[in-house]
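Enquirer: What follows is query.tsv; its format and atoms are TSV, C-alpha atoms.
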```tsv
chain	number	residue	atom	x	y	z
N	940	MET	CA	9.13	-18.25	8.77
N	941	ILE	CA	6.11	-19.27	6.73
N	942	LEU	CA	3.41	-20.70	8.97
N	943	PRO	CA	0.52	-22.99	7.99
N	944	ILE	CA	-2.90	-21.36	7.57
N	945	VAL	CA	-5.60	-22.81	9.82
N	946	ALA	CA	-8.51	-24.21	7.78
N	947	TYR	CA	-12.22	-23.66	8.18
N	948	GLY	CA	-13.63	-25.91	10.90
N	949	ASP	CA	-10.82	-25.35	13.39
N	950	PRO	CA	-12.31	-24.06	16.69
N	951	VAL	CA	-9.65	-21.32	16.98
N	952	LEU	CA	-11.40	-19.48	14.13
N	953	ARG	CA	-14.61	-19.26	16.20
N	954	LYS	CA	-13.12	-17.95	19.45
N	955	ARG	CA	-13.02	-14.30	20.49
N	956	ALA	CA	-9.27	-13.71	20.69
N	957	LYS	CA	-7.56	-12.44	23.84
N	958	ASP	CA	-5.68	-9.16	24.21
N	959	ILE	CA	-1.89	-9.32	24.08
N	960	GLU	CA	-0.12	-8.14	27.22
N	961	LYS	CA	2.86	-5.91	26.48
N	962	GLY	CA	6.09	-7.85	27.00
N	963	ASN	CA	4.49	-11.32	26.86
N	964	LEU	CA	5.14	-11.87	23.16
N	965	ASP	CA	7.67	-10.84	20.52
N	966	VAL	CA	5.09	-8.99	18.42
N	967	LYS	CA	7.69	-7.82	15.89
N	968	LYS	CA	8.92	-11.36	15.15
N	969	LEU	CA	5.39	-12.79	14.99
N	970	THR	CA	4.18	-10.07	12.62
N	971	GLU	CA	7.23	-10.58	10.37
N	972	ASP	CA	6.27	-14.27	10.15
N	973	MET	CA	2.64	-13.30	9.53
N	974	PHE	CA	3.56	-10.96	6.67
N	975	GLU	CA	5.81	-13.65	5.17
N	976	THR	CA	2.99	-16.21	5.48
N	977	MET	CA	0.43	-13.80	4.01
N	978	TYR	CA	2.63	-12.97	1.00
N	979	ALA	CA	3.42	-16.66	0.39
N	980	SER	CA	-0.36	-17.28	0.32
N	981	SER	CA	-1.09	-14.28	-1.95
N	982	GLY	CA	-3.22	-12.70	0.78
N	983	ILE	CA	-3.87	-9.05	1.65
N	984	GLY	CA	-4.62	-9.65	5.33
N	985	LEU	CA	-3.93	-12.26	7.98
N	986	ALA	CA	-5.22	-12.51	11.53
N	987	ALA	CA	-3.46	-14.41	14.34
N	988	PRO	CA	-6.30	-16.98	14.69
N	989	GLN	CA	-5.57	-17.99	11.08
N	990	ILE	CA	-2.15	-19.20	12.23
N	991	GLY	CA	-3.63	-20.91	15.29
N	992	GLN	CA	-3.05	-18.14	17.84
N	993	SER	CA	-6.12	-16.79	19.62
N	994	ILE	CA	-4.71	-13.30	20.17
N	995	ARG	CA	-5.92	-9.87	19.03
N	996	LEU	CA	-3.47	-9.22	16.23
N	997	PHE	CA	-3.68	-8.89	12.46
N	998	VAL	CA	-1.58	-7.65	9.56
N	999	VAL	CA	-2.74	-6.07	6.30
N	1000	ASP	CA	-1.18	-4.99	3.03
N	1001	GLY	CA	-3.67	-3.76	0.47
N	1002	THR	CA	-1.07	-2.22	-1.83
N	1003	PRO	CA	-1.03	-5.24	-4.22
N	1004	LEU	CA	-4.65	-4.45	-5.18
N	1005	ASN	CA	-3.45	-1.23	-6.85
N	1006	GLU	CA	-0.42	-2.73	-8.62
N	1007	ASP	CA	-2.07	-3.73	-11.89
N	1008	GLU	CA	-4.53	-0.82	-12.02
N	1009	PRO	CA	-4.06	2.29	-14.15
N	1010	GLU	CA	-3.31	5.29	-11.91
N	1011	GLU	CA	-6.77	6.83	-12.36
N	1012	GLU	CA	-8.43	3.59	-11.18
N	1013	GLN	CA	-6.24	3.00	-8.11
N	1014	ASP	CA	-7.96	3.05	-4.72
N	1015	PRO	CA	-6.44	5.95	-2.74
N	1016	SER	CA	-7.28	4.21	0.55
N	1017	LEU	CA	-4.73	1.52	-0.34
N	1018	GLN	CA	-1.76	3.83	-0.98
N	1019	GLY	CA	0.92	2.70	1.49
N	1020	PHE	CA	-1.66	0.57	3.31
N	1021	LYS	CA	0.63	-1.92	5.04
N	1022	LYS	CA	-0.01	-2.11	8.78
N	1023	VAL	CA	0.02	-4.15	11.95
N	1024	PHE	CA	-2.93	-3.92	14.35
N	1025	VAL	CA	-2.25	-5.02	17.95
N	1026	ASN	CA	-5.23	-5.23	20.36
N	1027	PRO	CA	-7.49	-3.34	17.93
N	1028	GLU	CA	-10.94	-2.08	18.86
N	1029	VAL	CA	-13.41	-0.82	16.26
N	1030	ILE	CA	-14.88	2.34	17.77
N	1031	ASP	CA	-17.42	3.12	15.09
N	1032	GLU	CA	-18.60	2.05	11.64
N	1033	ASP	CA	-20.77	4.21	9.41
N	1034	GLY	CA	-21.71	5.05	5.86
N	1035	ASP	CA	-23.64	3.09	3.29
N	1036	GLU	CA	-23.14	-0.65	3.23
N	1037	TRP	CA	-21.58	-1.81	-0.03
N	1038	ALA	CA	-21.05	-5.23	-1.52
N	1039	PHE	CA	-17.76	-6.78	-2.51
N	1040	GLU	CA	-16.82	-10.36	-3.27
N	1041	GLU	CA	-14.64	-11.55	-0.39
N	1042	GLY	CA	-12.51	-14.62	0.07
N	1043	CYS	CA	-10.39	-15.95	2.90
N	1044	LEU	CA	-7.13	-17.88	3.15
N	1045	SER	CA	-8.78	-20.18	5.74
N	1046	ILE	CA	-11.67	-20.89	3.34
N	1047	PRO	CA	-9.92	-21.46	-0.01
N	1048	GLY	CA	-11.89	-21.63	-3.22
N	1049	ILE	CA	-14.98	-19.91	-1.83
N	1050	ARG	CA	-15.83	-16.29	-2.57
N	1051	ALA	CA	-19.06	-14.47	-1.90
N	1052	GLU	CA	-20.52	-10.98	-1.83
N	1053	VAL	CA	-20.46	-9.43	1.62
N	1054	TYR	CA	-22.03	-6.09	2.59
N	1055	ARG	CA	-20.07	-3.89	5.00
N	1056	PRO	CA	-20.24	-0.21	6.06
N	1057	GLU	CA	-17.97	2.03	4.01
N	1058	ARG	CA	-16.09	3.68	6.91
N	1059	LEU	CA	-14.68	2.80	10.30
N	1060	ARG	CA	-12.77	4.28	13.19
N	1061	ILE	CA	-10.34	2.00	15.02
N	1062	ARG	CA	-8.06	2.20	18.06
N	1063	TYR	CA	-4.99	-0.05	18.03
N	1064	PHE	CA	-1.33	-0.35	18.96
N	1065	ASP	CA	1.52	-0.74	16.49
N	1066	VAL	CA	4.46	-3.14	17.01
N	1067	ASP	CA	6.23	-0.54	19.17
N	1068	TRP	CA	3.14	-0.25	21.42
N	1069	ASN	CA	2.27	3.24	20.23
N	1070	GLU	CA	-1.49	3.82	20.40
N	1071	HIS	CA	-3.34	5.08	17.32
N	1072	VAL	CA	-6.91	6.11	16.59
N	1073	GLU	CA	-7.50	6.26	12.84
N	1074	GLU	CA	-10.30	6.36	10.29
N	1075	TYR	CA	-10.42	4.29	7.13
N	1076	ASP	CA	-12.82	4.03	4.23
N	1077	GLY	CA	-13.28	2.08	1.03
N	1078	MET	CA	-11.25	-1.06	0.46
N	1079	ALA	CA	-8.88	-0.33	3.37
N	1080	ALA	CA	-11.87	-0.30	5.74
N	1081	ARG	CA	-13.16	-3.55	4.26
N	1082	ILE	CA	-9.82	-5.33	4.70
N	1083	ILE	CA	-9.69	-4.19	8.34
N	1084	GLN	CA	-13.31	-5.26	8.92
N	1085	HIS	CA	-12.62	-8.72	7.49
N	1086	GLU	CA	-9.50	-9.24	9.62
N	1087	TYR	CA	-11.15	-7.74	12.71
N	1088	ASP	CA	-13.96	-10.27	12.32
N	1089	HIS	CA	-11.34	-13.04	12.63
N	1090	ILE	CA	-10.27	-11.85	16.09
N	1091	GLU	CA	-13.95	-11.68	17.06
N	1092	GLY	CA	-14.51	-15.31	16.00
N	1093	LYS	CA	-16.48	-14.43	12.86
N	1094	LEU	CA	-15.96	-15.47	9.25
N	1095	PHE	CA	-17.21	-13.86	6.05
N	1096	THR	CA	-19.51	-16.85	5.51
N	1097	ASP	CA	-21.47	-15.74	8.61
N	1098	TYR	CA	-22.80	-12.80	6.57
N	1099	LEU	CA	-24.27	-15.02	3.87
N	1100	SER	CA	-27.94	-15.92	3.62
N	1101	PRO	CA	-29.02	-19.30	5.05
N	1102	LEU	CA	-29.65	-20.52	1.48
N	1103	LYS	CA	-26.16	-19.51	0.30
N	1104	ARG	CA	-24.58	-21.18	3.37
N	1105	GLN	CA	-26.59	-24.34	2.67
N	1106	LEU	CA	-25.33	-24.36	-0.92
N	1107	LEU	CA	-21.73	-24.10	0.36
N	1108	LYS	CA	-22.13	-26.77	3.05
N	1109	LYS	CA	-20.36	-29.56	1.11
N	1110	LYS	CA	-17.49	-27.32	-0.01
N	1111	LEU	CA	-16.99	-26.12	3.57
N	1112	ALA	CA	-17.04	-29.73	4.84
N	1113	ASP	CA	-14.45	-30.66	2.21
N	1114	ILE	CA	-12.17	-27.83	3.39
N	1115	THR	CA	-12.48	-29.04	7.00
N	1116	LYS	CA	-11.49	-32.57	5.88
N	1117	GLY	CA	-8.52	-31.29	3.88
N	1118	ASN	CA	-10.10	-32.07	0.50
N	1119	VAL	CA	-9.00	-28.82	-1.10
N	1120	LYS	CA	-6.20	-27.80	-3.44
N	1121	VAL	CA	-4.12	-24.82	-2.39
N	1122	ASP	CA	-0.62	-23.61	-3.19
N	1123	TYR	CA	0.20	-22.76	0.44
N	1124	ARG	CA	0.59	-24.74	3.66
N	1125	MET	CA	-2.58	-25.37	5.64
N	1126	ARG	CA	-3.40	-27.00	8.95
N	1127	PHE	CA	-6.68	-28.91	9.03
N	1128	PRO	CA	-8.85	-29.76	12.05
N	1129	LYS	CA	-8.18	-33.18	13.54
```
Let's see the structure in the file written out as structure tokens.

Expert:
Amino acid sequence: MILPIVAYGDPVLRKRAKDIEKGNLDVKKLTEDMFETMYASSGIGLAAPQIGQSIRLFVVDGTPLNEDEPEEEQDPSLQGFKKVFVNPEVIDEDGDEWAFEEGCLSIPGIRAEVYRPERLRIRYFDVDWNEHVEEYDGMAARIIQHEYDHIEGKLFTDYLSPLKRQLLKKKLADITKGNVKVDYRMRFPK
């Protein structure tokens, strides 16, 4: 089922999400709906707060970023990079910070350069409640960092300079009011 994406300005996007207790939620069904929603919105990641649920869960699929690239230019970190992260915890981030222009399904039409560390180590559960501790780098790490921020109540716009945020103030207000054109379903703050 395709769910509406929660728009910028909704308080759920600013809350630190709660852990999921095993057995309290059909994680498999919810993540299937999240993947379907993400694909329908042409996204590469989607966190539960973006569908209005303040729980520590996100899905990612970075493989589309390699699809139109010649083989020698494909990002190896994205090979087979389709995952579900339940109750994730970033253990460590390191490496040089690097810039990349990010966007967000909850903040349509706005993109900006964000600096993030190049590597991370994360502990999480999969949909079958198997625990994993894994390391990621490059674009895979960045996608995880962006989605992890959502479950921490942060948005990519938080990393921008005060001047850049001021310049985006009207566009952000328009998104909150529903004055934005998108080709996917959205839910706007009341």

Enquirer: Can you tell me, as a list in words, what residues are no more than 9 Å from Gln1018 (chain N) when counting all atoms listed in the file, ignoring any on the same chain fewer than 4 positions away?

Expert: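 With the cut-off at 9 Å, the set is Gly1001, Thr1002, Asn1005, Gln1013 and Asp1014 of chain N.
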
Enquirer: Just checking: using all atoms listed in the file, which residue out of N:Ile1114, N:Leu1004, N:Met1125, N:Leu1107 ends up closest to Gln989 (chain N)?

Expert: N:Met1125

Enquirer: Any idea what the distance is between CA of Phe1064 (chain N) and CA of Arg1126 (chain N)?

Expert: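 Taking CA of Phe1064 (chain N) and CA of Arg1126 (chain N), their separation equals 28.5 Å.
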
Enquirer: With 12 Å as the threshold, what does the neighbourhood of (-14.5, 3.8, 5.6) contain in terms of residues, counting all atoms listed in the file? Coordinates are those of the file; answer as an NGL selection string.

Expert: :N and (1015-1017 or 1029 or 1031-1037 or 1055-1061 or 1073-1084)

Enquirer: Using all atoms listed in the file, find the one residue out of N:Glu1028, N:Glu1008, N:Ser993, N:Tyr1098 that sits nearest to Val951 (chain N).

Expert: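 Under the stated criterion, the closest residue is N:Ser993.
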
Enquirer: Let me make sure I understand: among N:Pro1003, N:Pro1027, N:Met973, N:Gln992, which one has the smallest atom-to-atom distance to Lys954 (chain N) if we use all atoms listed in the file?

Expert: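 Nearest to Lys954 (chain N): N:Gln992.
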
Enquirer: Return the single residue from N:Val1023, N:Leu964, N:Ala986, N:Cys1043 that is closest to Glu1070 (chain N), with distances computed using all atoms listed in the file.

Expert: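 Of N:Val1023, N:Leu964, N:Ala986, N:Cys1043, the one nearest Glu1070 (chain N), counting all atoms listed in the file, is N:Val1023.
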
Enquirer: For region 1088-1094 of chain N, what centre and edge lengths in Å (one decimal) does the axis-aligned box get once 5 Å is added on each side of all its listed atoms, as AutoDock Vina command-line options?

Expert:
```
--center_x -13.4 --center_y -12.9 --center_z 13.2 --size_x 16.2 --size_y 15.2 --size_z 17.8
```

Enquirer: Return the single residue from N:Trp1068, N:Leu1094, N:Leu1044, N:Arg1062 that is closest to Lys1120 (chain N), with distances computed using all atoms listed in the file.

Expert: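 The closest residue to Lys1120 (chain N) is N:Leu1044.
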
Enquirer: Go through N:Val945, N:Val1025, N:Leu1102, N:Val998 one by one, measure the shortest atom-to-atom distance of each to Lys961 (chain N) using all atoms listed in the file, and give the residue with the smallest value.

Expert: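 Between N:Val945, N:Val1025, N:Leu1102, N:Val998, the residue approaching Lys961 (chain N) most closely is N:Val1025.
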
Enquirer: What is the CA of Val1119 (chain N)-CA of Ile1046 (chain N) distance in Å, reported with one decimal?

Expert: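 Atom-to-atom, CA of Val1119 (chain N) to CA of Ile1046 (chain N), that is 9.5 Å.
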
Enquirer: So which residues are close to (-3.1, -8.4, 22.1), meaning at most 8 Å away in the file's coordinates with all atoms listed in the file counted, and can you show them as a VMD selection string?

Expert: chain N and resid 957 to 961 994 to 996 1025 to 1027

Enquirer: Can you work out the spacing between CA of Asp1000 (chain N) and CA of Ile983 (chain N) in Å, to one decimal?

Expert: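 Interatomic distance, CA of Asp1000 (chain N) to CA of Ile983 (chain N): 5.1 Å.
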
Enquirer: Would you mind exporting region 1103-1115 of chain N with N, CA, C and O atoms, as a PDB file, in the first residue's frame?

Expert:
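Result saved to decode04.pdb:
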```
ATOM      1  N   LYS N1103      21.711  30.274   4.549  1.00  0.00           N
ATOM      2  CA  LYS N1103      21.045  29.383   3.588  1.00  0.00           C
ATOM      3  C   LYS N1103      19.636  29.036   4.073  1.00  0.00           C
ATOM      4  O   LYS N1103      18.680  29.039   3.294  1.00  0.00           O
ATOM      5  N   ARG N1104      19.489  28.759   5.378  1.00  0.00           N
ATOM      6  CA  ARG N1104      18.153  28.454   5.927  1.00  0.00           C
ATOM      7  C   ARG N1104      17.222  29.654   5.783  1.00  0.00           C
ATOM      8  O   ARG N1104      16.049  29.502   5.468  1.00  0.00           O
ATOM      9  N   GLN N1105      17.767  30.847   6.005  1.00  0.00           N
ATOM     10  CA  GLN N1105      16.960  32.070   5.866  1.00  0.00           C
ATOM     11  C   GLN N1105      16.483  32.227   4.427  1.00  0.00           C
ATOM     12  O   GLN N1105      15.334  32.585   4.184  1.00  0.00           O
ATOM     13  N   LEU N1106      17.363  31.923   3.472  1.00  0.00           N
ATOM     14  CA  LEU N1106      17.002  32.025   2.064  1.00  0.00           C
ATOM     15  C   LEU N1106      15.927  31.012   1.669  1.00  0.00           C
ATOM     16  O   LEU N1106      15.170  31.240   0.723  1.00  0.00           O
ATOM     17  N   LEU N1107      15.847  29.900   2.397  1.00  0.00           N
ATOM     18  CA  LEU N1107      14.869  28.854   2.092  1.00  0.00           C
ATOM     19  C   LEU N1107      13.574  28.996   2.881  1.00  0.00           C
ATOM     20  O   LEU N1107      12.634  28.227   2.681  1.00  0.00           O
ATOM     21  N   LYS N1108      13.517  29.984   3.781  1.00  0.00           N
ATOM     22  CA  LYS N1108      12.401  30.111   4.711  1.00  0.00           C
ATOM     23  C   LYS N1108      11.031  30.126   4.013  1.00  0.00           C
ATOM     24  O   LYS N1108      10.111  29.413   4.423  1.00  0.00           O
ATOM     25  N   LYS N1109      10.891  30.896   2.946  1.00  0.00           N
ATOM     26  CA  LYS N1109       9.604  30.978   2.242  1.00  0.00           C
ATOM     27  C   LYS N1109       9.258  29.643   1.575  1.00  0.00           C
ATOM     28  O   LYS N1109       8.114  29.190   1.654  1.00  0.00           O
ATOM     29  N   LYS N1110      10.231  29.018   0.926  1.00  0.00           N
ATOM     30  CA  LYS N1110       9.973  27.728   0.281  1.00  0.00           C
ATOM     31  C   LYS N1110       9.550  26.680   1.313  1.00  0.00           C
ATOM     32  O   LYS N1110       8.641  25.897   1.064  1.00  0.00           O
ATOM     33  N   LEU N1111      10.211  26.680   2.471  1.00  0.00           N
ATOM     34  CA  LEU N1111       9.865  25.729   3.523  1.00  0.00           C
ATOM     35  C   LEU N1111       8.453  26.005   4.052  1.00  0.00           C
ATOM     36  O   LEU N1111       7.675  25.071   4.289  1.00  0.00           O
ATOM     37  N   ALA N1112       8.115  27.286   4.218  1.00  0.00           N
ATOM     38  CA  ALA N1112       6.767  27.659   4.672  1.00  0.00           C
ATOM     39  C   ALA N1112       5.720  27.222   3.652  1.00  0.00           C
ATOM     40  O   ALA N1112       4.637  26.737   4.020  1.00  0.00           O
ATOM     41  N   ASP N1113       6.038  27.369   2.363  1.00  0.00           N
ATOM     42  CA  ASP N1113       5.109  26.940   1.315  1.00  0.00           C
ATOM     43  C   ASP N1113       4.871  25.428   1.371  1.00  0.00           C
ATOM     44  O   ASP N1113       3.738  24.962   1.201  1.00  0.00           O
ATOM     45  N   ILE N1114       5.931  24.655   1.619  1.00  0.00           N
ATOM     46  CA  ILE N1114       5.784  23.198   1.732  1.00  0.00           C
ATOM     47  C   ILE N1114       4.845  22.868   2.897  1.00  0.00           C
ATOM     48  O   ILE N1114       3.922  22.061   2.757  1.00  0.00           O
ATOM     49  N   THR N1115       5.065  23.514   4.028  1.00  0.00           N
ATOM     50  CA  THR N1115       4.234  23.277   5.217  1.00  0.00           C
ATOM     51  C   THR N1115       2.764  23.561   4.923  1.00  0.00           C
ATOM     52  O   THR N1115       1.868  22.852   5.391  1.00  0.00           O
TER      53      THR N1115
END
```
